[in-house]
Structures are given as structure tokens and as C-alpha cells.
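Asks: Dropping the structure in here first, questions after.
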Amino acid sequence: MDVPVKLAEAFGLDHSEVSHLSLKQMIEVGPEADRIYTAASQLKDFDNLPCALVINGKRRWVSMSGRPQFDRDGSFTGYRGFATDISARREAEDRLAYLAHYDPLTELPNRNLFNKTLARLLARQRDDKLISVVYVDLAHFKEVNESHGHRAGDLV
């Protein structure tokens with residue numbers, strides 16, 4: 001498969017730098033790629049399947065759609081399809097997922113991630129294993145920030 005000019009441009013590359021690559025060489029290994037490979041191995045259509053493409057170490061997320069093509073004798077000749085760059089959307093989704101579990105200032109796990117992790121541990125807990133939780137309550141922490149500044153609060 002010849003790499004489309006627009007795909008090369010999305011990676012900030014000249015078409016001649018990537019024209020030798022096949023789609024299989026660009027798709028990042030993972031569950032997203034597995035769905036495309038499964039559909040392709042069964043010569044089935046696929047629509048809007050997200051996957052990561054990697055060229056020269058640079059990753060872009062695309063949504064791919066494809067249809068198998070056959071010649072007059074009914075022999076499979078390849079896929080025809082298109083890809084839509086969804087990198088900005090995927091990065092925004094990843095950022096939201098991160099913010100749901102980490103404090104943006106300290107980058108430490110937040111209460112939500114703590115609760116999920118603890119629930120997962122308790123669900124897997126066996127009688128022969130103990131689980132310990134250490135809880136540290138910083139009383140009057142707001143006063144530290146207000147009287148000594150946020151940098152001092154960060155250090156605490």
C-alpha cells in the first residue's frame with residue numbers, strides 16, 4: 001500500500017520519506033490494531049476503528065475504515081479505505097482520564113484513584129493475605145497554604 005500524501009503531511013514528513021512503508025509497518029501493536037487485523041483476516045469491512053500509527057517514532061491516532069476489494073474473478077486484491085486524524089480528540093480524552101485520577105498540581109494520585117485501587121485490592125483479597133492502609137490527615141493544611149504560600153504547601 002502506498003502511503004497517502006496527507007498521511008505523510010500529518011506526521012510533518014515529506015511523502016518520499018514514508019512512501020516505502022506499508023500500513024502494517026505503521027500500525028502500533030495493541031488491541032486497536034488487533035480489531036483491524038481480525039477484520040482484515042476475515043476479509044470484512046471495518047468502520048471507524050481507532051488505532052495508533054507510528055512513523056519515525058512519532059505517533060498519531062487515526063480512525064480507520066476499509067472495504068475489501070476483489071477483481072472480476074472474485075480474488076481478493078486488497079483494501080480500499082480512509083483514515084481520519086483523531087489525535088487531538090484522543091489526547092483530550094487521555095488528558096481527561098488522567099485528570100480523573102491525578103491531581104493536576106502535584107501529579108499525585110487523587111482520592112478517586114485511591115478508592116478505585118482500594119476497591120480492586122479488596123475484591124482480590126484472599127484470607128491468607130493482609131492489606132494495610134496508612135491514612136495521613138494533614139490538619140489545617142489550608143492554613144499552611146494561606147500563611148506560608150502554595151510552594152510551602154507543595155513541600156509539605
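Labels for the C-alpha cells follow display order: chains A, B, ..., residues from 1 in each chain, ligands from 1.
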Which neighbours of Pro50 in chain A fall inside 7 Å, counting only C-alpha atoms, when residues of the same chain fewer than 6 positions from it are skipped, and could you give them as an NGL selection string?

Replies: :A and (32 or 61-64)

Asks: Please produce an output containing C-alpha atoms for each residue in the selection, written as a compact mmCIF listing (two decimals), in the first residue's frame.

Replies:
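File selection.txt, as written:
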```txt
# COMPACT_ATOMS: atom_id res chain seq x y z
CA GLU A 32 -6.91 -1.47 18.48
CA TRP A 61 -4.17 8.43 16.30
CA VAL A 62 -6.44 7.74 13.35
CA SER A 63 -9.92 6.33 12.85
CA MET A 64 -9.75 3.81 10.01
```

Asks: Based on the backbone DSSP call, show me all residues of chain A assigned alpha helix (DSSP H), as a ChimeraX atom specification.

Replies: /A:5-10,15-18,23-26,31-41,87-101,111-124,141-148,150-155

Asks: I'd like the contact shell of Arg111 in chain A - 8 Å cut-off, only C-alpha atoms, skipping same-chain residues fewer than 3 positions apart - returned as a list in words.

Replies: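 Once the nearby chain positions are removed, what remains is His101, Phe114 and Asn115 of chain A.
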
Asks: Any chance you can output those residues with N, CA and C atoms as a PDB file, in the first residue's frame?

Replies:
```pdb
ATOM      1  N   HIS A 101      -7.948  10.950  37.702  1.00  0.00           N
ATOM      2  CA  HIS A 101      -7.239  10.102  38.658  1.00  0.00           C
ATOM      3  C   HIS A 101      -6.022  10.742  39.323  1.00  0.00           C
ATOM      4  N   PHE A 114      -7.387   6.432  44.490  1.00  0.00           N
ATOM      5  CA  PHE A 114      -7.194   5.684  45.738  1.00  0.00           C
ATOM      6  C   PHE A 114      -8.376   4.752  45.994  1.00  0.00           C
ATOM      7  N   ASN A 115      -9.601   5.286  45.869  1.00  0.00           N
ATOM      8  CA  ASN A 115     -10.794   4.472  46.126  1.00  0.00           C
ATOM      9  C   ASN A 115     -10.908   3.315  45.138  1.00  0.00           C
TER      10      ASN A 115
END
```

Asks: Restricting the calculation to only C-alpha atoms: of A:Ala40, A:Asn56, A:Pro31, A:Leu96, which residue gets closest to Gln69 in chain A?

Replies: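 Nearest candidate to Gln69 in chain A out of A:Ala40, A:Asn56, A:Pro31, A:Leu96: A:Ala40.
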
Asks: Take CA of Gly81 in chain A and CA of Arg95 in chain A and report the distance between them in Å, one decimal.

Replies: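 It comes out at 29.3 Å.
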
Asks: Return the single residue from A:Ala8, A:Leu43, A:Leu23, A:Val144 that is closest to Thr77 in chain A, with distances computed using only C-alpha atoms.

Replies: A:Leu43

Asks: Excluding Glu9 in chain A and any residue of its chain fewer than 6 positions from it, enumerate the residues within 12 Å of it, using only C-alpha atoms, and give them as number ranges by chain.

Replies: A: 3, 15-19, 55, 60, 85

Asks: Considering only C-alpha atoms, can you say which of A:Lys58, A:Lys24, A:Arg67, A:Arg90 comes closest to Lys44 in chain A?

Replies: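 Using only C-alpha atoms, Lys44 in chain A sits closest to A:Arg67.
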